[in-house]
Amino acid sequence: MPDRDTDFFAGKKDLFKGLVIEKQETEWTEYPVLHFDMSLAKHLDKEKLNEYLVWQLREYNGKYGLTKNNDAEVNVQLADLIKRAYEQTGWQVVVLIDEYDALLLDVLHEEENLPVLRNVMHNFYSPLKGCDPYLRFVFLTGVTKFAQLSMSGTLNNISNVSMLKPYAAICGITQGEMLEQMHEYIERLAVAQEMTEEETLRKLKEKYDGYHFTWPSPDIYNPFSLLNALERRRIDNYWFGSGMPTYLIEMLRKFKVSPSAIGMKKALSTSFDAPTERMTTIVPLLYQSGYITIKNYDKLTQLYTLDIPNGEIRVGLM
């Protein structure tokens, strides 16, 4: 998602030809974009994490003529970088942070390392509040909620859109989108599997559909698995291809929960859309990681029904 945001805010109109946004956007301003990918910052200690952040900043320091700044603390570098990009271009800066929680999930079960690495990231993000006049847009993506990285004083104007209806389908593919944009691939899959198109659609729905991030919500397909199935012309279990993440295995052990016992639960939103490092049950991590999802909501009791989203996840948890 941040890659497309980078292209959009960089004013690359040609990449959005034929899409709704091409008509909705009229300015196509080329904003300066700072895109930081945290997905590669796994298995790092404090020193290596700081080195990784410096490495991420170095490219932009060079672009905006701040090469003498490479030895400064990462928070100072980020603050100077935002201001310099604004001064050089005359446009407010866009900051995109991809998988902000990747390195923290890696040490979620390590009580000593988690706060140390979280403090490093808190320090890195600390200039964002003070640089607000220079910022057009700040967007963080991640699997889990880490109490805004304890950033109540750092980003107190951050908005969590995870359960807001306008964004219900932003992280997946709806039935309508699949039928409209991928019909040719569905036909090819049906031929390869020697099934009718109707049978193929039913199998795809059973295997990969069923996610809801608010209620009411359209049914959302797992994009990774759906696209793999259509590309390879084979309905299989793709999401679990690399095995269950270590952090999840460790937390299941901590809360003494067997994977086969994961299933239907009723809960208030505060018990599953909650900071991961403060959780008292495994439910927030299961929900935020995609192993259970919203299936219903009772307005009277304000209780959500949570369950395994689809056949692929159910098989993977066996």
# chains A, B, ... in the order shown; residues from 1 in each chain; ligands from 1

$ closest_atom_pairs --of "stretch 218-289 of chain A" --to "stretch 121-145 of chain A" --cutoff "8 Å" --atoms "only C-alpha atoms" --output "CSV"
residue,atom,partner,partner_atom,distance
A:Asp273,CA,A:Lys145,CA,7.7
A:Ala274,CA,A:Lys145,CA,6.5
A:Pro275,CA,A:Lys145,CA,4.8
A:Thr276,CA,A:Lys145,CA,5.7
A:Leu285,CA,A:Thr144,CA,7.0
A:Gln288,CA,A:Thr144,CA,5.3
A:Ser289,CA,A:Val143,CA,5.9

$ write_last_selection --atoms "N, CA and C atoms" --output "PDB file, in the first residue's frame"
ATOM      1  N   ASP A 273      -9.384  -4.856  19.553  1.00  0.00           N
ATOM      2  CA  ASP A 273      -8.725  -3.742  18.871  1.00  0.00           C
ATOM      3  C   ASP A 273      -7.950  -2.967  19.926  1.00  0.00           C
ATOM      4  N   ALA A 274      -6.954  -3.621  20.503  1.00  0.00           N
ATOM      5  CA  ALA A 274      -6.265  -3.122  21.691  1.00  0.00           C
ATOM      6  C   ALA A 274      -4.758  -3.228  21.509  1.00  0.00           C
ATOM      7  N   PRO A 275      -3.985  -2.423  22.250  1.00  0.00           N
ATOM      8  CA  PRO A 275      -2.523  -2.496  22.161  1.00  0.00           C
ATOM      9  C   PRO A 275      -2.001  -3.896  22.457  1.00  0.00           C
ATOM     10  N   THR A 276      -1.168  -4.403  21.586  1.00  0.00           N
ATOM     11  CA  THR A 276      -0.695  -5.778  21.697  1.00  0.00           C
ATOM     12  C   THR A 276       0.160  -6.012  22.928  1.00  0.00           C
ATOM     13  N   LEU A 285      -3.967 -10.214  19.417  1.00  0.00           N
ATOM     14  CA  LEU A 285      -2.960 -10.644  18.449  1.00  0.00           C
ATOM     15  C   LEU A 285      -3.574 -11.513  17.357  1.00  0.00           C
ATOM     16  N   GLN A 288      -5.649  -9.024  15.096  1.00  0.00           N
ATOM     17  CA  GLN A 288      -4.828  -8.095  14.326  1.00  0.00           C
ATOM     18  C   GLN A 288      -3.915  -8.805  13.335  1.00  0.00           C
ATOM     19  N   SER A 289      -3.626 -10.080  13.585  1.00  0.00           N
ATOM     20  CA  SER A 289      -2.784 -10.861  12.669  1.00  0.00           C
ATOM     21  C   SER A 289      -3.596 -11.585  11.603  1.00  0.00           C
TER      22      SER A 289
END

$ residues_around --residues "A:Pro166" --least-positions-apart "2" --cutoff "12 Å" --atoms "only C-alpha atoms" --output "list in words"
Val161, Ser162, Met163, Leu164, Ala168, Ala169, Ile170, Cys171, Phe213, Thr214, Trp215, Pro216, Ser217 and Pro218 of chain A

$ write_last_selection --atoms "N, CA and C atoms" --output "compact mmCIF listing (two decimals), in the first residue's frame"
# COMPACT_ATOMS: atom_id res chain seq x y z
N VAL A 161 -7.43 4.17 11.63
CA VAL A 161 -8.54 3.97 10.69
C VAL A 161 -8.94 2.50 10.57
N SER A 162 -8.36 1.63 11.39
CA SER A 162 -8.54 0.18 11.23
C SER A 162 -9.99 -0.26 11.23
N MET A 163 -10.85 0.38 12.06
CA MET A 163 -12.24 -0.07 12.17
C MET A 163 -13.23 0.97 11.65
N LEU A 164 -12.77 1.91 10.85
CA LEU A 164 -13.65 2.93 10.29
C LEU A 164 -14.25 2.43 8.97
N ALA A 168 -13.04 0.12 5.19
CA ALA A 168 -13.32 -1.29 5.47
C ALA A 168 -12.68 -2.23 4.46
N ALA A 169 -12.55 -1.79 3.21
CA ALA A 169 -12.04 -2.68 2.16
C ALA A 169 -10.65 -2.30 1.68
N ILE A 170 -9.96 -1.46 2.44
CA ILE A 170 -8.68 -0.92 1.95
C ILE A 170 -7.57 -1.96 1.94
N CYS A 171 -7.67 -2.99 2.78
CA CYS A 171 -6.57 -3.96 2.91
C CYS A 171 -6.87 -5.30 2.26
N PHE A 213 -13.34 -5.97 8.91
CA PHE A 213 -12.56 -5.16 9.86
C PHE A 213 -13.42 -4.13 10.57
N THR A 214 -14.70 -4.15 10.28
CA THR A 214 -15.70 -3.37 11.01
C THR A 214 -17.02 -4.06 10.72
N TRP A 215 -18.12 -3.50 11.23
CA TRP A 215 -19.43 -4.09 10.93
C TRP A 215 -20.50 -3.00 10.86
N PRO A 216 -21.31 -2.99 9.78
CA PRO A 216 -21.27 -3.91 8.63
C PRO A 216 -20.07 -3.62 7.73
N SER A 217 -19.72 -4.64 6.97
CA SER A 217 -18.56 -4.53 6.09
C SER A 217 -18.74 -5.48 4.92
N PRO A 218 -18.22 -5.12 3.75
CA PRO A 218 -18.23 -6.10 2.65
C PRO A 218 -17.31 -7.25 3.00

$ select_by_dssp --residues "stretch 98-177 of chain A" --states "alpha helix (DSSP H)" --output "JSON, numbers by chain"
{"A": [102, 103, 104, 105, 106, 113, 114, 115, 116, 117, 118, 119, 120, 121, 122, 123, 124, 125, 127, 128, 129, 130, 147, 148, 149, 150, 175, 176, 177]}

$ residues_around --residues "A:Ile262" --least-positions-apart "4" --cutoff "12 Å" --atoms "only C-alpha atoms" --output "compact mmCIF listing (two decimals) with C-alpha atoms, in the first residue's frame"
# COMPACT_ATOMS: atom_id res chain seq x y z
CA LEU A 252 0.17 -19.00 22.09
CA LYS A 256 -1.56 -21.62 26.93
CA VAL A 257 -3.76 -21.67 23.83
CA SER A 258 -3.68 -24.52 21.32
CA ILE A 282 -4.30 -13.84 22.93
CA VAL A 283 -7.40 -12.33 21.24
CA LEU A 285 -2.96 -10.64 18.45
CA LEU A 286 -5.15 -13.25 16.73
CA TYR A 287 -7.49 -10.56 15.42
CA GLY A 290 -5.76 -12.13 10.65
CA TYR A 291 -6.38 -15.47 12.36
CA ILE A 292 -9.83 -14.42 13.56
CA THR A 293 -12.08 -11.70 12.18
CA LEU A 306 -15.15 -13.21 16.18
CA ASP A 307 -14.29 -16.39 14.31
CA ILE A 308 -11.84 -17.93 11.86
CA PRO A 309 -12.35 -16.11 8.54
CA ILE A 313 -6.90 -20.28 8.01
CA ARG A 314 -8.92 -23.13 9.49
CA VAL A 315 -6.70 -25.72 7.79
CA GLY A 316 -3.54 -23.86 8.78
CA LEU A 317 -4.50 -23.90 12.46
CA MET A 318 -5.05 -27.65 12.56

$ atom_distance --atom1 "atom CA of A:Ala85" --atom2 "atom CA of A:Ser159"
24.4 Å

$ select_by_dssp --residues "stretch 22-184 of chain A" --states "strand (DSSP E)" --output "VMD selection string"
chain A and resid 33 to 37 93 to 98 135 to 140 173 to 174

$ atom_distance --atom1 "atom CA of A:Asp45" --atom2 "atom CA of A:Ala72"
19.3 Å

$ residues_around --residues "A:Tyr52" --least-positions-apart "5" --cutoff "10 Å" --atoms "only C-alpha atoms" --output "JSON list (two decimals) with N, CA and C atoms, in the first residue's frame"
[["chain", "number", "residue", "atom", "x", "y", "z"],
["A", 38, "MET", "N", 10.16, -0.71, 7.28],
["A", 38, "MET", "CA", 10.64, -1.36, 8.50],
["A", 38, "MET", "C", 10.56, -2.89, 8.43],
["A", 40, "LEU", "N", 12.37, -4.92, 6.92],
["A", 40, "LEU", "CA", 13.69, -5.55, 6.92],
["A", 40, "LEU", "C", 14.42, -5.38, 8.25],
["A", 41, "ALA", "N", 13.77, -4.71, 9.20],
["A", 41, "ALA", "CA", 14.44, -4.41, 10.48],
["A", 41, "ALA", "C", 14.17, -5.47, 11.53],
["A", 44, "LEU", "N", 17.13, -7.51, 14.95],
["A", 44, "LEU", "CA", 18.17, -6.52, 15.19],
["A", 44, "LEU", "C", 18.21, -6.12, 16.66],
["A", 46, "LYS", "N", 19.64, -3.11, 19.53],
["A", 46, "LYS", "CA", 19.53, -1.65, 19.56],
["A", 46, "LYS", "C", 20.53, -0.99, 18.62],
["A", 47, "GLU", "N", 21.77, -1.42, 18.67],
["A", 47, "GLU", "CA", 22.81, -0.82, 17.84],
["A", 47, "GLU", "C", 22.53, -1.02, 16.35],
["A", 57, "LEU", "N", 17.80, 6.69, 6.22],
["A", 57, "LEU", "CA", 17.84, 8.15, 6.10],
["A", 57, "LEU", "C", 18.88, 8.63, 5.10],
["A", 58, "ARG", "N", 19.96, 7.85, 4.91],
["A", 58, "ARG", "CA", 21.11, 8.32, 4.13],
["A", 58, "ARG", "C", 20.73, 8.69, 2.70]]

$ closest_residue --among "A:Lys207, A:Lys23, A:Arg278, A:Arg118" --to "A:Ile235" --atoms "only C-alpha atoms"
A:Lys207

$ atom_distance --atom1 "atom CA of A:Met251" --atom2 "atom CA of A:Thr281"
9.3 Å
